[in-house]
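Undergrad: Below is a structure I'd like to ask you about.
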Amino acid sequence: MTTEKFDLDYAPALESTAVVNIAKQYGLFVNGEFVKARGDKTFATINPATEAHLANVAEASKADVNKAVKAARHAYETYWRDMPGKQRARYLYRIARQLQERAREFAVLETLDGGKPITESRDFDLPQAAAHFFYHAGWADKLDYAFPGRKVTSHGVVGQITPWNFPMMMAAWKLAPALATGNTVVFKPAETTPLTALLLAEVLQDVDLPPGVVNIVTGAGATGQALVDHPDVDKLAFTGSTGVGKMIQRAAAARRLPLTLELGGKAAHIVFDDAAIDQAVEGVVKGIFFNQGHVCCAGSRLLVQESIAEMFIEKLKRRVDLLRVGNPLDKNTDVGAINSAAQLGRIADLVKVGVSEGAEIYQPKCSLNKKGFWFAPTIFTGVQQSHRIAQEEIFGPVLSVQTFRTADEAVQKANNTPFGLSAGVWTEKGSKILWMADLLNAGVVWANTYNQFDPASPFGGYKESGFGREGGMQGLSAYVRTDTGGRS
Ligand code: NAD
């Protein structure tokens, strides 16, 4: 028998960056054009994989946000509110088609600015963003059928704020339903990933969206705060951390503003002993290491039935050994860069806490770049319910493993966090899935799969994961007022 050795390492398969054209400086997108921020204030956005400077981006002050809200109000009252739905739909269809046509450019820019693997921005973020515009374009002229027997009106000017983990997809989740229902928007993307929203502004110009219907103000927390506090905003929609969400909820409550909050999560991924084991291992890996674990619904807690725990954890470790951590532009990369130095610091701190609380850490051997922000895929076993790594959102590639003996115990452990966004169940028994889905305190429950999204399917949470839904009719309803005209 020959004992030939094979080198099974992958040759690099780099995506070209020639398709994107990054300007040195970006303005705010107000009233259909790019304008400087007051005092010409800017901040830098960098590539987290290399720390290379990408561009300077305008930082919107209170006065700039005020201009954007005024532009949105004018656009609302002058044409968008009263435009027939059929006509509004045309703009949404055009945006969707442009996103498809320019998908590669958007995907490369998303990866450069955010650090996520190109295969994810190409195969997930961009198709999802386009799908949301297509889906909501379909609703724009059918609102009377979506809410039968009710008089449907838009809110007016909507303030929307998003995080950095899925910049384009989050923009689509927010903008598409707001525009379909006749609202105008002031949109603030996250400060570490503003570039794809600004490329989207170019698309809005290309499709001749009337000026002021969408305004994009870039900046950090203070810019977001100015939008939240603006007295002429009629509705707020926020996706981000639970802490900021709570502040926004207080501000909205004081002014009785309609609000949707999509916040953090600490999802349980529950694997029973009768599950298809190899598929479950694959699902658990995707559930936590997709997008470096920067996912609100990441399956960050594995609950595995005690009878299979040892075998399952062993298989999981062997699978994680094979994950390729590295250049996000390489099509072979499974795990890209952490989005920012600040986020890397938060992950490293919580991992230290996990070790000091007595959990056992496992990390595969992988060489991490010195430049840029990197964290090795991490599995904690021997985790107790009281450990901070079992309770707090880490928002990084870190999985906490616990075991259970009975289904009741699995439900109890799964629900024992302040969050309630999502959960996953792996078993061959349909009845067990339905029983669990009823009892799990989670807005979304996936069965024998994980991280599946569709614009027609509402997404959102309970408890500290927020309220309101995005996607489907439920998501649409957050952007309209419905009047029954006295009928109940
Ligand atoms: P973050 O709350 O720090 O920031 C989110 C956005 O809010 C950013 O645009 C930021 O500039 C802005 N902001 C910050 N302070 C503000 C203030 N005082 N007023 C108004 N706006 C302010 O969150 P992050 O670190 O960017 O994102 C990670 C968090 O987002 C995680 O907790 C994650 O779970 C959550 N998230 C939730 C969902 C969901 O659908 N439930 C989706 C993605 C991310």
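By convention in this document, the chains of the structure tokens carry letters A, B, ... by their order, each chain's residues are numbered from 1, and ligands are numbered from 1 in the order they are shown.
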Could you please extract the residues within 9 Å of ligand 1, counting only C-alpha atoms and all ligand atoms, and hand them back as a ChimeraX atom specification?

TA: /A:160-167,170,188-192,218-229,238-245,247-248,261-266,294-298,343,393-395,421,459-461,465-467,469-470

Undergrad: May I have a table of the residues of range 75-194 of chain A lying at most 9 Å from range 440-454 of chain A, giving each one's closest pair of atoms and their distance in Å to one decimal, counting only C-alpha atoms, ordered by chain and ascending residue number, as a Markdown table?

TA:
| residue | atom | partner | partner_atom | distance |
| --- | --- | --- | --- | --- |
| A:Gln128 | CA | A:Asp454 | CA | 7.6 |
| A:Ala131 | CA | A:Asp454 | CA | 8.1 |
| A:His132 | CA | A:Asp454 | CA | 8.2 |

Undergrad: Take the residues from that selection and write them out as a PDB file, in the first residue's frame, keeping C-alpha atoms.

TA:
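Below is the file selection31.pdb, written as the result:
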ATOM      1  CA  GLN A 128     -31.529  39.080   1.258  1.00  0.00           C
ATOM      2  CA  ALA A 131     -35.383  40.114  -1.727  1.00  0.00           C
ATOM      3  CA  HIS A 132     -36.702  42.535   0.913  1.00  0.00           C
TER       4      HIS A 132
END

Undergrad: Quick one: of A:Leu209, A:Ala275, A:Met473, A:Val304, who's nearest to Leu179 in chain A, counting only C-alpha atoms?

TA: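 Among the listed residues, the smallest separation from Leu179 in chain A belongs to A:Leu209.
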
Undergrad: I'd like the neighbourhood of Asn415 in chain A as a list in words, where a residue qualifies if any of its atoms comes within 12 Å (using only C-alpha atoms), though same-chain residues fewer than 6 positions away should be ignored.

TA: Gly265, Lys266, Ala267, Ala268, His269, Ile270, Arg301, Leu303, Gln385, Ala390, Gln391, Asp408, Glu409, Leu421, Ser422, Ala423, Met436, Ala437, Asp438, Leu439, Leu440, Asn441, Ala442, Gly443, Tyr462 and Lys463 of chain A

Undergrad: Can you pull out every residue within 8 Å of Trp80 in chain A, counting only C-alpha atoms, but drop anything in the same chain fewer than 3 positions away, and send it as a list of chain:residue names?

TA: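 Selected residues are A:Ala75, A:Tyr76, A:Glu77, A:Met83, A:Arg88, A:Gly182, A:Asn183, A:Thr184, A:Val213.
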
Undergrad: Check the smallest atom-to-atom distance from each of A:Glu59, A:Glu314, A:Glu51, A:Asp141 to Gly39 in chain A using only C-alpha atoms, then report the winner.

TA: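 That would be A:Glu59, the residue with the smallest distance to Gly39 in chain A.
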
Undergrad: Which residue out of A:Val207, A:Ala55, A:Leu329, A:Ala276 has the minimum interatomic distance to Ser16 in chain A when only C-alpha atoms are used?

TA: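 Of all the options, A:Leu329 lies closest to Ser16 in chain A.
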
Undergrad: Within 9 Å of Ile361 in chain A, counting only C-alpha atoms, which residues qualify if same-chain residues fewer than 5 places away don't, as JSON, numbers by chain?

TA: {"A": [351, 354, 355, 378, 379, 380, 381, 382]}

Undergrad: Let me make sure I understand: among A:Gly472, A:Gly159, A:Pro84, A:Gly114, which one has the smallest atom-to-atom distance to His230 in chain A if we use only C-alpha atoms?

TA: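 Of the candidates, the smallest distance to His230 in chain A is held by A:Gly159.
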
Undergrad: Find the distance between CA of Lys70 in chain A and CA of Phe34 in chain A and write it in Å to one decimal.

TA: 15.6 Å

Undergrad: Report as a PyMOL selection string: the residues of range 28-127 of chain A with a DSSP assignment of alpha helix (DSSP H), based on the backbone of this structure.

TA: chain A and resi 62-75+85-101+103-114+118-120+126-127

Undergrad: Can you tell me, as a VMD selection string, which residues in range 238-353 of chain A count as strand (DSSP E) by DSSP?

TA: chain A and resid 238 to 239 259 to 262 268 to 271 301 to 305

Undergrad: Rank nothing, just name the residue among A:His387, A:Arg256, A:Arg73, A:Arg38 nearest to Pro211 in chain A, using only C-alpha atoms.

TA: A:Arg73

Undergrad: Using only C-alpha atoms, determine which residues lie at most 8 Å from range 40-50 of chain A, disregarding the query and same-chain residues fewer than 3 positions distant; provide the list as a PyMOL selection string.

TA: chain A and resi 36-37+53-60+112-115+191-194+219+327-328+336-341+371-374

Undergrad: One number please: CA of Lys174 in chain A to CA of Thr196 in chain A, in Å, one decimal.

TA: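 The value is 14.4 Å.
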
Undergrad: A:Val401, A:Leu344, A:Leu204, A:Leu195: which is nearest Glu310 in chain A, counting only C-alpha atoms?

TA: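 Of A:Val401, A:Leu344, A:Leu204, A:Leu195, the one nearest Glu310 in chain A is A:Val401, counting only C-alpha atoms.
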
Undergrad: Between CA of Thr260 in chain A and CA of Asn66 in chain A, what distance in Å does the model show, to one decimal?

TA: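 We find that CA of Thr260 in chain A and CA of Asn66 in chain A lie 21.8 Å from each other.
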